file structure03.txt (compact mmCIF, C-alpha atoms)
# COMPACT_ATOMS: atom_id res chain seq x y z
CA MET K 121 -22.42 14.16 8.94
CA ARG K 122 -24.75 13.20 6.12
CA THR K 123 -24.21 9.88 4.47
CA LYS K 124 -25.93 9.21 1.19
CA LEU K 125 -26.81 5.64 0.35
CA SER K 126 -28.33 4.73 -2.95
CA LEU K 127 -28.42 1.88 -5.41
CA GLN K 128 -25.76 3.77 -7.36
CA THR K 129 -23.30 3.53 -4.47
CA VAL K 130 -24.28 0.12 -3.12
CA ARG K 131 -23.86 -1.62 -6.47
CA GLY K 132 -21.60 0.95 -8.08
CA GLU K 133 -18.13 1.13 -9.57
CA PHE K 134 -16.33 1.37 -6.21
CA VAL K 135 -17.91 -1.79 -4.83
CA ASN K 136 -17.37 -3.54 -8.14
CA ARG K 137 -13.68 -2.69 -8.04
CA ILE K 138 -13.29 -3.97 -4.48
CA GLU K 139 -15.01 -7.23 -5.37
CA THR K 140 -12.93 -7.71 -8.51
CA ILE K 141 -9.59 -7.09 -6.84
CA SER K 142 -10.44 -9.11 -3.73
CA GLY K 143 -12.44 -11.83 -5.43
CA GLN K 144 -14.89 -11.61 -2.52
CA SER K 145 -18.66 -11.12 -2.42
CA LEU K 146 -19.08 -8.33 0.13
CA LEU K 147 -22.77 -8.97 0.71
CA ALA K 148 -21.93 -12.40 2.13
CA CYS K 149 -20.94 -10.67 5.36
CA ASN K 150 -23.71 -10.69 7.94
CA GLN K 151 -21.81 -8.53 10.44
CA CYS K 152 -21.37 -11.17 13.10
CA GLY K 153 -18.20 -9.41 14.33
CA LYS K 154 -15.98 -12.47 14.81
CA CYS K 155 -13.33 -10.86 12.63
CA SER K 156 -13.15 -7.80 14.88
CA ALA K 157 -13.25 -9.94 18.01
CA GLY K 158 -10.21 -11.94 16.88
CA CYS K 159 -8.21 -9.13 15.31
CA PRO K 160 -4.98 -8.69 17.32
CA VAL K 161 -4.45 -5.10 16.20
CA ALA K 162 -8.05 -3.91 16.60
CA PHE K 163 -6.96 -1.93 19.68
CA SER K 164 -5.01 0.32 17.36
CA MET K 165 -7.65 0.78 14.65
CA ASP K 166 -10.03 3.72 14.17
CA ILE K 167 -12.83 1.58 12.74
CA LEU K 168 -13.17 -2.15 13.28
CA PRO K 169 -12.67 -4.76 10.54
CA ASN K 170 -16.36 -5.60 10.41
CA GLN K 171 -17.13 -1.88 10.07
CA VAL K 172 -14.73 -1.71 7.13
CA ILE K 173 -16.69 -4.43 5.37
CA ARG K 174 -19.95 -2.71 6.23
CA MET K 175 -18.79 0.59 4.72
CA ALA K 176 -17.52 -1.31 1.68
CA GLN K 177 -20.89 -3.08 1.33
CA LEU K 178 -22.64 0.29 1.29
CA GLY K 179 -20.22 1.77 -1.24
CA MET K 180 -19.03 4.40 1.24
CA GLU K 181 -15.78 5.65 -0.24
CA ASP K 182 -14.83 7.27 3.08
CA VAL K 183 -13.62 3.82 4.10
CA LEU K 184 -10.47 4.61 2.14
CA GLN K 185 -9.63 7.27 4.72
CA ALA K 186 -9.66 4.83 7.61
CA GLN K 187 -6.39 4.05 9.34
CA THR K 188 -7.60 0.49 9.73
CA ILE K 189 -6.62 -0.64 6.25
CA TRP K 190 -3.00 0.30 7.01
CA THR K 191 -2.99 -1.16 10.52
CA CYS K 192 -4.04 -4.57 9.22
CA ALA K 193 -1.02 -6.86 9.58
CA ALA K 194 -2.42 -9.57 7.30
CA CYS K 195 -2.25 -12.03 10.17
CA LEU K 196 -5.20 -13.94 8.67
CA THR K 197 -6.95 -14.48 11.99
CA CYS K 198 -10.16 -12.91 10.64
CA VAL K 199 -10.35 -15.25 7.67
CA SER K 200 -9.80 -18.20 10.03
CA ARG K 201 -12.77 -17.12 12.12
CA CYS K 202 -15.28 -15.90 9.52
CA PRO K 203 -18.25 -18.27 9.46
CA LYS K 204 -19.09 -17.19 5.92
CA GLY K 205 -15.58 -17.85 4.63
CA ILE K 206 -15.05 -14.27 3.52
CA ASP K 207 -11.40 -13.48 2.89
CA LEU K 208 -11.25 -10.13 4.68
CA PRO K 209 -7.46 -9.73 4.22
CA ARG K 210 -8.15 -9.69 0.48
CA VAL K 211 -10.75 -6.96 0.94
CA MET K 212 -8.24 -4.93 2.98
CA GLU K 213 -5.65 -5.39 0.23
CA ALA K 214 -8.17 -4.25 -2.40
CA LEU K 215 -8.89 -1.09 -0.39
CA ARG K 216 -5.18 -0.38 -0.01
CA GLN K 217 -4.62 -0.82 -3.74
CA ILE K 218 -7.53 1.47 -4.63
CA TYR K 219 -6.29 4.10 -2.17
CA MET K 220 -2.75 4.01 -3.56
CA GLU K 221 -3.96 4.17 -7.15
CA ARG K 222 -5.83 7.36 -6.30
CA PHE K 223 -3.56 9.02 -3.75
CA GLY K 224 -0.10 7.53 -4.15
CA ASN K 225 2.17 5.42 -1.99
CA VAL K 226 1.97 5.44 1.77
CA LEU K 227 5.52 4.37 2.55
CA ASP K 228 8.58 6.10 1.23
CA ALA K 229 12.15 4.85 1.53
CA ASP K 230 13.05 8.16 3.21
CA GLN K 231 10.66 7.39 6.06
CA ILE K 232 12.80 4.51 7.25
CA ALA K 233 15.66 5.66 9.47
CA PRO K 234 19.03 4.10 8.51
CA GLU K 235 19.58 2.80 12.05
CA GLN K 236 16.21 1.11 11.93
CA ALA K 237 16.89 -0.39 8.51
CA ALA K 238 20.20 -1.72 9.81
CA GLU K 239 18.57 -3.62 12.68
CA MET K 240 15.31 -4.79 11.23
CA PRO K 241 14.96 -8.10 9.34
CA GLN K 242 14.76 -7.09 5.71
CA LEU K 243 11.64 -9.14 5.23
CA ALA K 244 9.84 -6.55 7.34
CA ILE K 245 10.96 -3.74 5.04
CA ILE K 246 10.11 -5.76 1.93
CA GLY K 247 6.72 -6.67 3.39
CA GLY K 248 6.11 -3.05 4.33
CA PHE K 249 6.84 -1.86 0.80
CA ARG K 250 4.68 -4.61 -0.67
CA LYS K 251 1.71 -3.49 1.40
CA TYR K 252 2.26 0.27 1.44
CA SER K 253 3.33 0.99 -2.11
CA VAL K 254 2.32 0.05 -5.63
CA MET U 233 20.45 -37.55 0.45
CA ALA U 234 20.68 -33.79 0.39
CA ILE U 235 17.47 -31.79 0.49
CA PRO U 236 17.20 -28.62 -1.63
CA TYR U 237 17.14 -25.71 0.78
CA PHE U 238 16.08 -22.10 0.35
CA PRO U 239 17.46 -19.85 3.11
CA GLY U 240 15.87 -16.59 2.04
CA CYS U 241 17.25 -13.07 2.30
CA THR U 242 16.75 -12.58 6.04
CA LEU U 243 18.29 -15.88 7.15
CA SER U 244 21.31 -15.16 4.99
CA THR U 245 21.99 -11.93 6.82
CA LYS U 246 20.11 -10.56 9.83
CA ALA U 247 18.86 -13.93 11.09
CA ASN U 248 22.04 -15.81 10.28
CA GLY U 249 21.91 -17.66 13.61
CA TYR U 250 18.72 -19.40 12.49
CA ASP U 251 20.34 -20.47 9.22
CA ARG U 252 23.56 -21.65 10.87
CA SER U 253 21.85 -23.65 13.59
CA GLY U 254 19.35 -25.05 11.09
CA ARG U 255 22.00 -26.32 8.68
CA ALA U 256 24.06 -27.85 11.47
CA VAL U 257 21.03 -29.56 13.00
CA ALA U 258 19.89 -30.87 9.62
CA GLN U 259 23.31 -32.31 8.96
CA ALA U 260 23.52 -33.91 12.38
CA LEU U 261 20.16 -35.58 11.77
CA GLY U 262 21.02 -36.91 8.33
CA LEU U 263 18.70 -34.45 6.58
CA GLU U 264 21.51 -32.38 5.10
CA PHE U 265 20.52 -29.16 3.33
CA GLN U 266 21.75 -28.40 -0.17
CA GLU U 267 21.27 -24.68 -0.81
CA LEU U 268 19.68 -23.87 -4.18
CA ASP U 269 22.37 -22.82 -6.71
CA GLU U 270 20.46 -19.72 -7.57
CA TRP U 271 17.73 -17.96 -5.61
CA GLN U 272 16.25 -14.56 -4.89
CA CYS U 273 14.01 -13.06 -2.25
CA CYS U 274 10.55 -14.66 -2.16
CA GLY U 275 8.87 -11.27 -1.80
CA ALA U 276 7.95 -11.64 1.87
CA THR U 277 4.20 -11.42 1.22
CA PHE U 278 1.78 -13.55 -0.72
CA PRO U 279 -0.21 -11.19 -2.96
CA LEU U 280 -3.80 -10.89 -1.84
CA ALA U 281 -5.04 -8.94 -4.85
CA THR U 282 -6.37 -11.33 -7.50
CA ASP U 283 -4.75 -9.39 -10.34
CA ASN U 284 -1.24 -9.12 -8.90
CA ALA U 285 0.71 -11.48 -11.12
CA MET U 286 3.95 -9.52 -10.75
CA ALA U 287 4.24 -10.40 -7.09
CA LEU U 288 4.08 -14.08 -8.02
CA ILE U 289 7.04 -13.93 -10.39
CA ALA U 290 9.74 -14.23 -7.71
CA PRO U 291 8.22 -17.17 -5.82
CA THR U 292 7.39 -18.96 -9.09
CA ARG U 293 10.96 -18.53 -10.17
CA LEU U 294 12.05 -20.02 -6.85
CA LEU U 295 9.81 -23.00 -7.44
CA ARG U 296 11.40 -23.45 -10.83
CA GLN U 297 14.85 -23.27 -9.23
CA ALA U 298 13.69 -26.01 -6.87
CA GLN U 299 12.39 -27.96 -9.85
CA GLU U 300 15.88 -27.83 -11.37
CA ALA U 301 17.33 -28.97 -8.06
CA GLY U 302 15.22 -32.10 -7.88
CA GLY U 303 11.60 -31.26 -7.32
CA GLN U 304 11.34 -30.31 -3.68
CA VAL U 305 12.46 -27.45 -1.47
CA THR U 306 12.54 -26.93 2.25
CA THR U 307 12.88 -23.74 4.21
CA LEU U 308 13.22 -22.50 7.79
CA CYS U 309 11.76 -19.01 7.50
CA ALA U 310 8.02 -19.17 8.19
CA VAL U 311 7.45 -16.25 5.81
CA CYS U 312 9.28 -17.89 2.89
CA PHE U 313 7.44 -21.10 3.62
CA HIS U 314 4.08 -19.30 3.62
CA VAL U 315 4.77 -17.52 0.33
CA LEU U 316 6.09 -20.61 -1.44
CA ARG U 317 3.38 -22.92 -0.16
CA ARG U 318 0.57 -20.55 -1.14
CA THR U 319 2.19 -19.79 -4.51
CA GLN U 320 2.47 -23.49 -5.29
CA ASN U 321 -1.11 -23.98 -4.20
CA PHE U 322 -2.29 -21.07 -6.34
CA LEU U 323 -0.40 -22.16 -9.47
CA GLN U 324 -1.78 -25.68 -9.19
CA GLY U 325 -5.31 -24.32 -9.08
CA HIS U 326 -4.80 -21.70 -11.81
CA PRO U 327 -2.98 -23.23 -14.80
CA ASP U 328 -3.82 -20.14 -16.87
CA ALA U 329 -1.92 -17.94 -14.41
CA LEU U 330 1.01 -20.38 -14.48
CA GLU U 331 1.05 -20.23 -18.26
CA ARG U 332 1.04 -16.43 -18.21
CA ILE U 333 3.89 -16.27 -15.69
CA ASN U 334 5.92 -18.82 -17.68
CA TRP U 335 5.39 -16.77 -20.82
CA PHE U 336 6.74 -13.71 -18.99
CA THR U 337 9.75 -15.32 -17.31
CA GLU U 338 10.61 -17.58 -20.28
CA GLU U 339 11.70 -20.16 -17.67
CA PRO U 340 8.90 -22.73 -17.63
CA TYR U 341 7.81 -24.01 -14.26
CA LEU U 342 5.89 -27.26 -14.58
CA GLY U 343 3.97 -26.88 -11.33
CA ASN U 344 5.03 -29.97 -9.39
CA VAL U 345 7.47 -28.95 -6.69
CA ARG U 346 6.87 -30.12 -3.13
CA VAL U 347 7.33 -27.27 -0.65
CA THR U 348 8.04 -28.20 2.97
CA HIS U 349 8.97 -26.51 6.18
CA PHE U 350 11.82 -28.13 8.11
CA LEU U 351 9.41 -28.93 10.96
CA GLU U 352 7.44 -31.14 8.56
CA LEU U 353 10.59 -33.02 7.58
CA LEU U 354 11.37 -33.58 11.25
CA ARG U 355 7.85 -34.77 11.97
CA ASP U 356 7.28 -36.91 8.89
CA GLN U 357 10.68 -37.99 7.64
CA LEU U 358 12.79 -38.20 10.79
CA THR U 359 9.94 -38.64 13.32
CA TRP U 360 9.94 -37.32 16.87
CA GLU U 361 11.01 -40.67 18.32
CA ASN U 362 14.18 -40.67 16.24
CA LEU U 363 14.86 -37.07 17.23
CA ARG U 364 14.48 -37.97 20.88
CA ALA U 365 16.92 -40.85 20.41
CA LYS U 366 19.56 -38.50 19.03
CA VAL U 367 19.37 -35.97 21.85
CA ALA U 368 22.71 -35.87 23.67
CA GLN U 369 21.75 -33.28 26.29
CA PRO U 370 18.06 -33.53 27.21
CA LEU U 371 16.85 -30.11 28.34
CA LYS U 372 14.85 -31.54 31.23
CA GLY U 373 13.04 -28.97 33.27
CA LEU U 374 13.65 -26.12 30.81
CA ARG U 375 10.26 -24.41 30.53
CA VAL U 376 9.85 -23.33 26.93
CA ALA U 377 6.80 -21.75 25.32
CA PRO U 378 6.42 -22.37 21.59
CA TYR U 379 5.19 -19.27 19.78
CA TYR U 380 3.73 -20.11 16.39
CA GLY U 381 2.84 -16.68 15.05
CA CYS U 382 0.62 -16.43 11.98
CA LEU U 383 2.19 -17.48 8.73
CA LEU U 384 3.24 -20.98 9.76
CA LEU U 385 -0.39 -21.90 10.41
CA ARG U 386 -2.82 -19.70 8.43
CA PRO U 387 -4.74 -20.03 6.16
CA GLN U 388 -5.32 -23.58 7.26
CA SER U 389 -6.82 -24.68 3.93
CA GLU U 390 -3.65 -23.82 2.02
CA ILE U 391 -0.86 -24.23 4.56
CA CYS U 392 -1.99 -27.63 5.95
CA LEU U 393 0.85 -27.83 8.46
CA ASP U 394 -1.00 -27.99 11.76
CA ASP U 395 -4.27 -27.08 13.48
CA PRO U 396 -4.20 -23.25 13.63
CA ASP U 397 -6.32 -23.10 16.78
CA ASP U 398 -4.59 -25.92 18.64
CA PRO U 399 -1.15 -26.35 17.05
CA HIS U 400 1.36 -28.83 18.40
CA ILE U 401 4.17 -29.32 15.88
CA LEU U 402 6.55 -27.09 17.82
CA HIS U 403 5.30 -28.60 21.08
CA ASP U 404 6.23 -32.08 19.82
CA CYS U 405 9.66 -30.93 18.68
CA LEU U 406 10.46 -29.32 22.03
CA ALA U 407 9.10 -32.28 23.97
CA ALA U 408 11.41 -34.58 22.00
CA LEU U 409 14.32 -32.41 23.19
CA GLY U 410 13.27 -33.05 26.79
CA CYS U 411 11.89 -29.58 27.48
CA GLU U 412 8.91 -28.83 29.65
CA VAL U 413 6.59 -27.35 27.05
CA ILE U 414 4.36 -24.46 28.08
CA THR U 415 1.13 -23.76 26.22
CA PHE U 416 -0.01 -20.17 26.57
CA PRO U 417 -3.03 -18.35 25.11
CA TYR U 418 -1.02 -15.95 22.92
CA GLN U 419 0.84 -18.71 21.09
CA SER U 420 -0.63 -17.84 17.69
CA GLU U 421 -1.42 -14.16 18.18
CA CYS U 422 0.21 -11.93 15.60
CA CYS U 423 3.47 -10.18 16.58
CA GLY U 424 2.63 -7.21 14.37
CA SER U 425 4.81 -8.27 11.45
CA TYR U 426 5.81 -5.47 9.04
CA LEU U 427 4.02 -2.85 11.15
CA ALA U 428 7.43 -2.63 12.82
CA VAL U 429 8.43 -0.47 9.87
CA ASN U 430 6.03 2.45 10.20
CA LYS U 431 3.78 1.69 13.20
CA PRO U 432 6.30 0.28 15.70
CA GLU U 433 4.06 1.03 18.68
CA VAL U 434 1.69 -1.71 17.52
CA PRO U 435 4.20 -4.59 17.54
CA GLN U 436 5.53 -3.23 20.81
CA GLN U 437 2.12 -3.53 22.43
CA LEU U 438 1.59 -6.97 20.96
CA ALA U 439 5.03 -8.11 22.15
CA GLN U 440 4.23 -6.93 25.66
CA ASP U 441 1.02 -8.97 25.71
CA ILE U 442 2.63 -12.07 24.23
CA LEU U 443 5.68 -12.02 26.50
CA ALA U 444 3.64 -11.24 29.61
CA SER U 445 1.29 -14.12 28.88
CA ALA U 446 4.16 -16.54 28.34
CA GLN U 447 5.76 -15.45 31.58
CA ARG U 448 2.52 -15.74 33.54
CA HIS U 449 2.40 -19.35 32.39
CA GLY U 450 5.90 -19.98 33.66
CA ALA U 451 7.98 -19.82 30.49
CA GLN U 452 11.75 -19.31 30.79
CA ALA U 453 12.10 -18.84 27.03
CA ILE U 454 10.02 -18.44 23.90
CA VAL U 455 10.71 -20.47 20.77
CA THR U 456 9.74 -19.38 17.28
CA ALA U 457 10.19 -20.31 13.60
CA CYS U 458 10.00 -16.82 12.09
CA PRO U 459 12.77 -14.18 11.98
CA LEU U 460 10.30 -11.30 12.13
CA CYS U 461 8.53 -12.74 15.16
CA GLN U 462 11.92 -13.21 16.79
CA TYR U 463 12.80 -9.57 16.11
CA ASN U 464 9.44 -8.18 17.24
CA LEU U 465 9.58 -10.11 20.52
CA ASP U 466 13.31 -9.78 21.26
CA TYR U 467 14.30 -6.33 20.03
CA PRO U 468 11.88 -4.14 22.05
CA GLN U 469 13.00 -5.78 25.29
CA GLN U 470 16.12 -3.63 25.31
CA SER U 471 14.51 -0.24 25.35
CA VAL U 472 11.02 -0.46 26.73
CA SER U 473 10.86 0.18 30.45
CA GLY U 474 8.06 -0.44 32.88
CA TRP U 475 7.02 -3.70 31.30
CA ALA U 476 6.93 -5.34 34.74
CA LEU U 477 8.37 -8.48 33.29
CA LYS U 478 11.79 -10.04 33.37
CA PRO U 479 13.69 -10.32 30.10
CA LEU U 480 12.60 -13.41 28.22
CA PRO U 481 14.96 -14.94 25.64
CA VAL U 482 13.43 -15.54 22.21
CA LEU U 483 15.04 -18.47 20.40
CA TYR U 484 14.68 -20.28 17.11
CA PHE U 485 13.66 -23.92 17.50
CA THR U 486 16.80 -24.98 15.61
CA GLN U 487 18.96 -23.24 18.21
CA LEU U 488 17.40 -25.26 21.03
CA MET U 489 17.85 -28.37 18.91
CA ALA U 490 21.52 -27.54 18.40
CA VAL U 491 22.05 -27.38 22.18
CA ALA U 492 20.09 -30.56 22.85
CA LEU U 493 21.88 -32.49 20.11
CA GLY U 494 25.20 -31.55 21.71
CA LEU U 495 26.41 -29.51 18.75
CA PRO U 496 29.31 -27.05 19.31
CA GLY U 497 28.58 -23.50 20.46
CA GLU U 498 29.63 -21.83 17.21
CA VAL U 499 26.57 -23.21 15.42
CA TRP U 500 24.10 -22.07 18.06
CA GLY U 501 24.06 -18.62 16.45
CA MET U 502 22.93 -16.79 19.59
CA GLU U 503 25.34 -13.83 19.44
CA GLU U 504 22.88 -11.35 17.95
CA HIS U 505 20.07 -11.91 20.45
CA ILE U 506 19.14 -8.88 22.52
CA VAL U 507 18.08 -10.96 25.53
CA ASP U 508 20.97 -13.35 26.04
CA PRO U 509 19.77 -16.97 26.04
CA LEU U 510 23.13 -18.50 27.11
CA PRO U 511 22.44 -18.44 30.87
CA LEU U 512 19.54 -20.86 30.26
CA PHE U 513 21.93 -23.61 29.24
CA ALA U 514 24.59 -23.30 31.91
CA PRO U 515 22.72 -25.66 34.32
CA TYR U 516 22.98 -28.36 31.63
CA GLY U 517 26.70 -27.92 31.32
CA ALA U 518 26.20 -26.56 27.83
CA THR U 519 28.28 -23.50 27.03
CA VAL U 520 29.42 -21.84 23.84
CA ALA U 521 33.12 -22.23 24.56

call {"tool": "encode", "arguments": {"input": "structure03.txt", "output": "structure tokens"}}
result
Amino acid sequence: MRTKLSLQTVRGEFVNRIETISGQSLLACNQCGKCSAGCPVAFSMDILPNQVIRMAQLGMEDVLQAQTIWTCAACLTCVSRCPKGIDLPRVMEALRQIYMERFGNVLDADQIAPEQAAEMPQLAIIGGFRKYSV
Amino acid sequence: MAIPYFPGCTLSTKANGYDRSGRAVAQALGLEFQELDEWQCCGATFPLATDNAMALIAPTRLLRQAQEAGGQVTTLCAVCFHVLRRTQNFLQGHPDALERINWFTEEPYLGNVRVTHFLELLRDQLTWENLRAKVAQPLKGLRVAPYYGCLLLRPQSEICLDDPDDPHILHDCLAALGCEVITFPYQSECCGSYLAVNKPEVPQQLAQDILASAQRHGAQAIVTACPLCQYNLDYPQQSVSGWALKPLPVLYFTQLMAVALGLPGEVWGMEEHIVDPLPLFAPYGATVA
């Protein structure tokens, strides 16, 4: 798989958008990995949180195809651990927003079984829709 | 003096036991709750995108409703608390955003409401010593593991409730009730939250790890302050086999308080729990009937 890196992608529109929505400076990340080490759902992710930031830093739009940005539970452990004070949950949210603007919502009301909706605390369903739809 | 109280959508329905026990406990302790006259769902998430003003409308409106009710609001749901606390924090730091939201809602919020979680009121207003003095049925020897979850503690800079790496507010509450408090390593590991909606296997795995850890450390019950944590830890215990662990009741801290304060069984609110907590209290002569 060929990956093209250039000044156009590293400081391009995609990176600009992520930084605007998240309010974070991606290049502050020095890839120490503490975020990934502390992430409780990392076992279920295809790429690790620090790899998500790395791809974002390099303007690699393939990061939008990662399952990771949808597996993030916004538990805020990563932001508690980051020695550079980078708010990674905000970067994840920015990536989700950009994905949904381009490709549509990820959660549909039809996907929730009525029995499940009946049992689950509604805050879970509301939270799910907040994260998985625009 | 009654304290303005916001129950939230989940406590008013699915997690009604938490609301019922919380109100009864508050009343018994002289911290009576006065539900806001008008309220709506807080939105369940604090918006992490910097340009998402719409998601702040509902919590700002809640803060205004609290403003009308006297200038402070307390809540039991850790999620509501997290959203309101962070919204208040954000609006105080961004007066331009507050102005824009006020222009949209046409219901001006002045930005000065004090948001608290009930645990803070217990710690700071009542104090643990006074709580201990009011306990009618000390739960001596009951090994309880406080499970903090995420939203009650993080982000530390905005929530300012407790140390997120070494929290003790729930520990102190349970100790005041006479319990033997168990600290276990998964006490602030995420339960999986809203992933229960479309990736239920993730919260199931997390629940297994959290419950197994608590049991390894000798816990007879887990105590929480969040209805989603309670669901994610309690609900899967009915259907998942091969967990190699005994069922572990998952309680709200207010329910344990209700038992220890000697309040009647109908306010304990334990009917909906999957793993029945009632057998824990029989040795103390405390039954629902």

call {"tool": "closest_atom_pairs", "arguments": {"input": "structure03.txt", "of": "chain U", "to": "chain K", "cutoff": "9 Å", "atoms": "all atoms listed in the file", "output": "Markdown table"}}
result
| residue | atom | partner | partner_atom | distance |
| --- | --- | --- | --- | --- |
| U:Cys241 | CA | K:Gln242 | CA | 7.3 |
| U:Thr242 | CA | K:Pro241 | CA | 5.8 |
| U:Leu243 | CA | K:Pro241 | CA | 8.7 |
| U:Thr245 | CA | K:Pro241 | CA | 8.4 |
| U:Lys246 | CA | K:Pro241 | CA | 5.7 |
| U:Ala247 | CA | K:Pro241 | CA | 7.2 |
| U:Cys273 | CA | K:Leu243 | CA | 8.8 |
| U:Gly275 | CA | K:Ile246 | CA | 6.8 |
| U:Ala276 | CA | K:Gly247 | CA | 5.3 |
| U:Thr277 | CA | K:Gly247 | CA | 5.8 |
| U:Pro279 | CA | K:Arg250 | CA | 8.5 |
| U:Leu280 | CA | K:Arg210 | CA | 5.1 |
| U:Ala281 | CA | K:Ile141 | CA | 5.3 |
| U:Thr282 | CA | K:Ile141 | CA | 5.4 |
| U:Asp283 | CA | K:Ile141 | CA | 6.4 |
| U:Asn284 | CA | K:Ile141 | CA | 8.8 |
| U:Ala287 | CA | K:Arg250 | CA | 8.7 |
| U:Val311 | CA | K:Leu243 | CA | 8.3 |
| U:Gly381 | CA | K:Cys195 | CA | 8.4 |
| U:Cys382 | CA | K:Cys195 | CA | 5.6 |
| U:Leu383 | CA | K:Cys195 | CA | 7.2 |
| U:Arg386 | CA | K:Leu196 | CA | 6.2 |
| U:Pro387 | CA | K:Leu196 | CA | 6.6 |
| U:Gln388 | CA | K:Ser200 | CA | 7.5 |
| U:Pro396 | CA | K:Ser200 | CA | 8.4 |
| U:Glu421 | CA | K:Pro160 | CA | 6.6 |
| U:Cys422 | CA | K:Cys195 | CA | 6.0 |
| U:Cys423 | CA | K:Pro160 | CA | 8.6 |
| U:Gly424 | CA | K:Ala193 | CA | 6.0 |
| U:Ser425 | CA | K:Ala193 | CA | 6.3 |
| U:Tyr426 | CA | K:Ala244 | CA | 4.5 |
| U:Leu427 | CA | K:Ala193 | CA | 6.6 |
| U:Ala428 | CA | K:Ala244 | CA | 7.2 |
| U:Val429 | CA | K:Ile245 | CA | 6.4 |
| U:Asn430 | CA | K:Ile232 | CA | 7.7 |
| U:Lys431 | CA | K:Thr191 | CA | 7.8 |
| U:Val434 | CA | K:Ser164 | CA | 7.0 |
| U:Pro435 | CA | K:Val161 | CA | 8.8 |
| U:Leu438 | CA | K:Pro160 | CA | 7.7 |
| U:Pro459 | CA | K:Pro241 | CA | 7.0 |
| U:Leu460 | CA | K:Pro241 | CA | 6.3 |
| U:Tyr463 | CA | K:Pro241 | CA | 7.3 |
| U:Tyr467 | CA | K:Glu239 | CA | 8.9 |

call {"tool": "closest_residue", "arguments": {"input": "structure03.txt", "among": "K:Lys154, K:Arg137, K:Lys204, K:Arg174", "to": "Ile218 (chain K)", "atoms": "only C-alpha atoms"}}
result
K:Arg137

call {"tool": "closest_residue", "arguments": {"input": "structure03.txt", "among": "K:Met165, K:Asn136, K:Met180, K:Gln171", "to": "Gly153 (chain K)", "atoms": "all atoms listed in the file"}}
result
K:Gln171

call {"tool": "closest_residue", "arguments": {"input": "structure03.txt", "among": "U:Asp269, U:Val257, U:Leu402, U:Gly343", "to": "Ala492 (chain U)", "atoms": "only C-alpha atoms"}}
result
U:Val257

call {"tool": "closest_residue", "arguments": {"input": "structure03.txt", "among": "U:Gln369, U:Thr337, U:Ser244, U:Thr292", "to": "Gly517 (chain U)", "atoms": "only C-alpha atoms"}}
result
U:Gln369

call {"tool": "residues_near_point", "arguments": {"input": "structure03.txt", "point": "(29.0, -27.4, 18.8)", "cutoff": "10 Å", "atoms": "all atoms listed in the file", "output": "PyMOL selection string"}}
result
chain U and resi 253+256+490-491+493-500+518-521

call {"tool": "write_last_selection", "arguments": {"input": "structure03.txt", "atoms": "C-alpha atoms", "output": "short mmCIF file (atom, residue, chain, number, x, y, z; two decimals), keeping the file's coordinate frame"}}
result
data_model
loop_
_atom_site.label_atom_id
_atom_site.label_comp_id
_atom_site.auth_asym_id
_atom_site.auth_seq_id
_atom_site.Cartn_x
_atom_site.Cartn_y
_atom_site.Cartn_z
CA SER U 253 21.85 -23.65 13.59
CA ALA U 256 24.06 -27.85 11.47
CA ALA U 490 21.52 -27.54 18.40
CA VAL U 491 22.05 -27.38 22.18
CA LEU U 493 21.88 -32.49 20.11
CA GLY U 494 25.20 -31.55 21.71
CA LEU U 495 26.41 -29.51 18.75
CA PRO U 496 29.31 -27.05 19.31
CA GLY U 497 28.58 -23.50 20.46
CA GLU U 498 29.63 -21.83 17.21
CA VAL U 499 26.57 -23.21 15.42
CA TRP U 500 24.10 -22.07 18.06
CA ALA U 518 26.20 -26.56 27.83
CA THR U 519 28.28 -23.50 27.03
CA VAL U 520 29.42 -21.84 23.84
CA ALA U 521 33.12 -22.23 24.56
#

call {"tool": "closest_residue", "arguments": {"input": "structure03.txt", "among": "K:Ala162, K:Arg122, K:Ser145, K:Gln177", "to": "Gln437 (chain U)", "atoms": "all atoms listed in the file"}}
result
K:Ala162

call {"tool": "closest_residue", "arguments": {"input": "structure03.txt", "among": "K:Leu178, K:Leu146, K:Cys202, K:Leu184", "to": "Met220 (chain K)", "atoms": "only C-alpha atoms"}}
result
K:Leu184

call {"tool": "residues_around", "arguments": {"input": "structure03.txt", "residues": "Ala298 (chain U)", "least_positions_apart": "3", "cutoff": "12 Å", "atoms": "all atoms listed in the file", "output": "PyMOL selection string"}}
result
chain U and resi 235-238+266-272+291-295+301-307+316+320+341-348

call {"tool": "atom_distance", "arguments": {"input": "structure03.txt", "atom1": "CA of Asp394 (chain U)", "atom2": "CA of Met233 (chain U)"}}
result
26.1 Å

call {"tool": "atom_distance", "arguments": {"input": "structure03.txt", "atom1": "CA of Leu125 (chain K)", "atom2": "CA of Ile173 (chain K)"}}
result
15.1 Å
